[in-house]
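Participant: The structure that follows is given in the form of structure tokens.
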Amino acid sequence: MSYLRTFLPWIVFAVIPSGQWQWGALAALVISVAIIAQQRRAGAGFDALVIEAGSAVFFAVLAAIAFADPHSGVHAYSAALSSGTLAVIAGLSLAVGRPFTLGIAKRTTPRELWDLKPFIRVNVVITSVWTAAFVLTAVVLAVLAHAGHAHSTPATLVQIAGFAVPMLFTVRYVAHVQAKAQAAGQVAR
């Protein structure tokens, strides 16, 4: 559920018809700000809101561009820019040693595990997969936009895969790591 909440603004932007992209960007901005406010009230630190904060900035800029010029050339590349922005945010979180998934994982992980190298390593791997998925999605969407298919069924399928594949990887990888840790714990007894 945490990942769904984290990426909700991007999902909303993706499902609002492209002809109304300025309203999609504004809706995504409002949702980003609402999620940040709700999560801060619930006690989440900013380390758990890296994507949400980046989302708010991105959608504020995109909404400003979209309302200033609804026929801007940015429109055709908005999906590619969205994935590219997520790639930059995720990549920067890795570069500074604070993978964005750490904050999300901490919401459901006991505090005593937060500073352990295996926990951090798992989040580096997961964030790396998300980053790679965002980069690949951005490139494919940019190619589709350049070919005149920016808001087409193939572009929509690429966007869906760009979220579904890393989400599926995350679920399976975490289950694998947990099963491996439990097996090691049982053997050690």
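If you're wondering about the labels, chains in the structure tokens are A, B, ... by order shown, residues count from 1 in each chain, ligands from 1 in order shown.
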If you run DSSP over the backbone, which residues in stretch 41-173 of chain A end up alpha helix (DSSP H)? Put them as JSON, numbers by chain.
Facilitator: {"A": [41, 50, 51, 52, 53, 54, 55, 56, 57, 58, 59, 60, 61, 62, 63, 64, 65, 66, 67, 68, 78, 79, 80, 81, 82, 83, 84, 85, 86, 87, 88, 89, 90, 91, 92, 93, 94, 95, 100, 101, 102, 103, 104, 105, 106, 117, 118, 119, 120, 121, 122, 123, 124, 125, 126, 127, 128, 129, 130, 131, 132, 133, 134, 135, 136, 137, 138, 139, 140, 141, 142, 143, 144, 145, 146, 153, 154, 155, 156, 157, 158, 159, 160, 161, 162, 163, 164, 165, 166, 167, 168, 169, 170, 171, 172, 173]}
Participant: Which residue, A:His146, A:Lys180, A:Ile104, A:Arg5, has the smallest gap to A:Ser78 when you use only C-alpha atoms?
Facilitator: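 Of A:His146, A:Lys180, A:Ile104, A:Arg5, the one nearest A:Ser78 is A:His146, counting only C-alpha atoms.
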Participant: Write out as a PyMOL selection string the residues lying within 12 Å of A:Pro99, counting only C-alpha atoms and excluding same-chain residues fewer than 2 positions away.
Facilitator: chain A and resi 47-51+88-97+101-106+119-131
Participant: When you look at A:Ala155 with a cut-off of 10 Å (counting only C-alpha atoms), what residues show up, excluding the ones that are within fewer than 5 positions of it in the same chain? I need them as a PyMOL selection string.
Facilitator: chain A and resi 79-80+137+140-145+149-150+160-161
Participant: Save the residues we just selected, all heavy atoms, as a PDB file, in the first residue's frame?
Facilitator:
```
ATOM      1  N   ALA A  79       4.912  12.335 -20.361  1.00  0.00           N
ATOM      2  CA  ALA A  79       5.044  11.003 -19.748  1.00  0.00           C
ATOM      3  C   ALA A  79       6.512  10.616 -19.627  1.00  0.00           C
ATOM      4  O   ALA A  79       6.950  10.094 -18.596  1.00  0.00           O
ATOM      5  CB  ALA A  79       4.280   9.961 -20.565  1.00  0.00           C
ATOM      6  N   ALA A  80       7.295  10.890 -20.664  1.00  0.00           N
ATOM      7  CA  ALA A  80       8.730  10.604 -20.616  1.00  0.00           C
ATOM      8  C   ALA A  80       9.405  11.455 -19.540  1.00  0.00           C
ATOM      9  O   ALA A  80      10.266  10.959 -18.793  1.00  0.00           O
ATOM     10  CB  ALA A  80       9.373  10.855 -21.973  1.00  0.00           C
ATOM     11  N   THR A 137      11.770   3.216 -18.904  1.00  0.00           N
ATOM     12  CA  THR A 137      10.437   3.734 -19.244  1.00  0.00           C
ATOM     13  C   THR A 137      10.542   5.111 -19.889  1.00  0.00           C
ATOM     14  O   THR A 137       9.892   5.381 -20.902  1.00  0.00           O
ATOM     15  CB  THR A 137       9.547   3.781 -17.993  1.00  0.00           C
ATOM     16  OG1 THR A 137       9.451   2.466 -17.444  1.00  0.00           O
ATOM     17  CG2 THR A 137       8.158   4.303 -18.309  1.00  0.00           C
ATOM     18  N   VAL A 140      11.906   4.743 -23.521  1.00  0.00           N
ATOM     19  CA  VAL A 140      10.906   4.190 -24.446  1.00  0.00           C
ATOM     20  C   VAL A 140       9.799   5.211 -24.701  1.00  0.00           C
ATOM     21  O   VAL A 140       9.356   5.391 -25.847  1.00  0.00           O
ATOM     22  CB  VAL A 140      10.337   2.848 -23.921  1.00  0.00           C
ATOM     23  CG1 VAL A 140       9.186   2.359 -24.787  1.00  0.00           C
ATOM     24  CG2 VAL A 140      11.440   1.797 -23.859  1.00  0.00           C
ATOM     25  N   LEU A 141       9.348   5.897 -23.663  1.00  0.00           N
ATOM     26  CA  LEU A 141       8.295   6.903 -23.852  1.00  0.00           C
ATOM     27  C   LEU A 141       8.784   8.077 -24.696  1.00  0.00           C
ATOM     28  O   LEU A 141       8.018   8.624 -25.502  1.00  0.00           O
ATOM     29  CB  LEU A 141       7.781   7.390 -22.489  1.00  0.00           C
ATOM     30  CG  LEU A 141       6.937   6.376 -21.718  1.00  0.00           C
ATOM     31  CD1 LEU A 141       6.674   6.873 -20.300  1.00  0.00           C
ATOM     32  CD2 LEU A 141       5.633   6.078 -22.437  1.00  0.00           C
ATOM     33  N   ALA A 142      10.047   8.460 -24.536  1.00  0.00           N
ATOM     34  CA  ALA A 142      10.602   9.541 -25.362  1.00  0.00           C
ATOM     35  C   ALA A 142      10.660   9.113 -26.835  1.00  0.00           C
ATOM     36  O   ALA A 142      10.335   9.900 -27.728  1.00  0.00           O
ATOM     37  CB  ALA A 142      11.989   9.938 -24.858  1.00  0.00           C
ATOM     38  N   VAL A 143      11.045   7.866 -27.077  1.00  0.00           N
ATOM     39  CA  VAL A 143      11.082   7.345 -28.449  1.00  0.00           C
ATOM     40  C   VAL A 143       9.669   7.336 -29.036  1.00  0.00           C
ATOM     41  O   VAL A 143       9.453   7.754 -30.180  1.00  0.00           O
ATOM     42  CB  VAL A 143      11.722   5.934 -28.490  1.00  0.00           C
ATOM     43  CG1 VAL A 143      11.506   5.267 -29.837  1.00  0.00           C
ATOM     44  CG2 VAL A 143      13.212   6.017 -28.159  1.00  0.00           C
ATOM     45  N   LEU A 144       8.704   6.871 -28.252  1.00  0.00           N
ATOM     46  CA  LEU A 144       7.310   6.863 -28.727  1.00  0.00           C
ATOM     47  C   LEU A 144       6.814   8.285 -28.998  1.00  0.00           C
ATOM     48  O   LEU A 144       6.146   8.527 -30.014  1.00  0.00           O
ATOM     49  CB  LEU A 144       6.408   6.166 -27.710  1.00  0.00           C
ATOM     50  CG  LEU A 144       6.519   4.641 -27.644  1.00  0.00           C
ATOM     51  CD1 LEU A 144       5.764   4.096 -26.428  1.00  0.00           C
ATOM     52  CD2 LEU A 144       5.994   4.016 -28.931  1.00  0.00           C
ATOM     53  N   ALA A 145       7.143   9.217 -28.121  1.00  0.00           N
ATOM     54  CA  ALA A 145       6.723  10.613 -28.314  1.00  0.00           C
ATOM     55  C   ALA A 145       7.357  11.181 -29.577  1.00  0.00           C
ATOM     56  O   ALA A 145       6.690  11.856 -30.375  1.00  0.00           O
ATOM     57  CB  ALA A 145       7.091  11.449 -27.102  1.00  0.00           C
ATOM     58  N   HIS A 149       3.683   9.052 -31.101  1.00  0.00           N
ATOM     59  CA  HIS A 149       2.785   8.142 -30.383  1.00  0.00           C
ATOM     60  C   HIS A 149       2.823   8.391 -28.868  1.00  0.00           C
ATOM     61  O   HIS A 149       2.747   7.449 -28.089  1.00  0.00           O
ATOM     62  CB  HIS A 149       3.154   6.686 -30.678  1.00  0.00           C
ATOM     63  CG  HIS A 149       3.160   6.360 -32.136  1.00  0.00           C
ATOM     64  ND1 HIS A 149       2.011   6.363 -32.899  1.00  0.00           N
ATOM     65  CD2 HIS A 149       4.175   6.063 -32.974  1.00  0.00           C
ATOM     66  CE1 HIS A 149       2.329   6.068 -34.146  1.00  0.00           C
ATOM     67  NE2 HIS A 149       3.629   5.879 -34.219  1.00  0.00           N
ATOM     68  N   ALA A 150       2.923   9.652 -28.489  1.00  0.00           N
ATOM     69  CA  ALA A 150       3.083  10.000 -27.075  1.00  0.00           C
ATOM     70  C   ALA A 150       1.920   9.533 -26.207  1.00  0.00           C
ATOM     71  O   ALA A 150       2.121   9.038 -25.115  1.00  0.00           O
ATOM     72  CB  ALA A 150       3.269  11.499 -26.912  1.00  0.00           C
ATOM     73  N   ILE A 160       2.439   1.536 -17.580  1.00  0.00           N
ATOM     74  CA  ILE A 160       1.960   0.527 -16.630  1.00  0.00           C
ATOM     75  C   ILE A 160       3.087  -0.439 -16.283  1.00  0.00           C
ATOM     76  O   ILE A 160       3.336  -0.730 -15.109  1.00  0.00           O
ATOM     77  CB  ILE A 160       0.723  -0.213 -17.191  1.00  0.00           C
ATOM     78  CG1 ILE A 160      -0.473   0.729 -17.254  1.00  0.00           C
ATOM     79  CG2 ILE A 160       0.400  -1.450 -16.346  1.00  0.00           C
ATOM     80  CD1 ILE A 160      -1.661   0.197 -18.051  1.00  0.00           C
ATOM     81  N   ALA A 161       3.786  -0.913 -17.303  1.00  0.00           N
ATOM     82  CA  ALA A 161       4.906  -1.839 -17.065  1.00  0.00           C
ATOM     83  C   ALA A 161       6.003  -1.175 -16.250  1.00  0.00           C
ATOM     84  O   ALA A 161       6.633  -1.833 -15.407  1.00  0.00           O
ATOM     85  CB  ALA A 161       5.463  -2.339 -18.395  1.00  0.00           C
TER      86      ALA A 161
END
```
Participant: One decimal, in Å: what's the spacing between atom CA of A:Phe59 and atom CA of A:Gly73?
Facilitator: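 Atom-to-atom, atom CA of A:Phe59 to atom CA of A:Gly73, that is 16.3 Å.
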Participant: Using Å and a single decimal, report how far atom CA of A:Leu29 sits from atom CA of A:Met167.
Facilitator: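 Between atom CA of A:Met167 and atom CA of A:Leu29 the gap is 22.6 Å.
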Participant: Looking at A:Arg41, A:Val171, A:Ser55, A:Ala64, which one is nearest to A:Val12, with distances taken over only C-alpha atoms?
Facilitator: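 Smallest distance to A:Val12 is found for A:Ser55.
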Participant: List the spatial neighbours of A:Ile65 as a list in words - criterion: any atom at most 9 Å away, only C-alpha atoms, same-chain residues fewer than 6 positions off excluded.
Facilitator: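 That gives Gln22, Ser72 and Val74 of chain A.
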Participant: Record the distance separating atom CA of A:Ala53 and atom CA of A:Ser32, expressed in Å with one decimal.
Facilitator: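 Atom CA of A:Ala53 sits 7.3 Å away from atom CA of A:Ser32.
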Participant: Between A:Ser83, A:Ala34, A:Trp23, A:Gln182, single out the one closest to A:Val158, counting only C-alpha atoms.
Facilitator: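 Nearest candidate to A:Val158 out of A:Ser83, A:Ala34, A:Trp23, A:Gln182: A:Ser83.
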Participant: Measuring atom to atom with only C-alpha atoms, identify which of A:Ala76, A:Ala63, A:Ala133, A:Ala87 is nearest to A:Gly148.
Facilitator: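 That would be A:Ala76, the residue with the smallest distance to A:Gly148.
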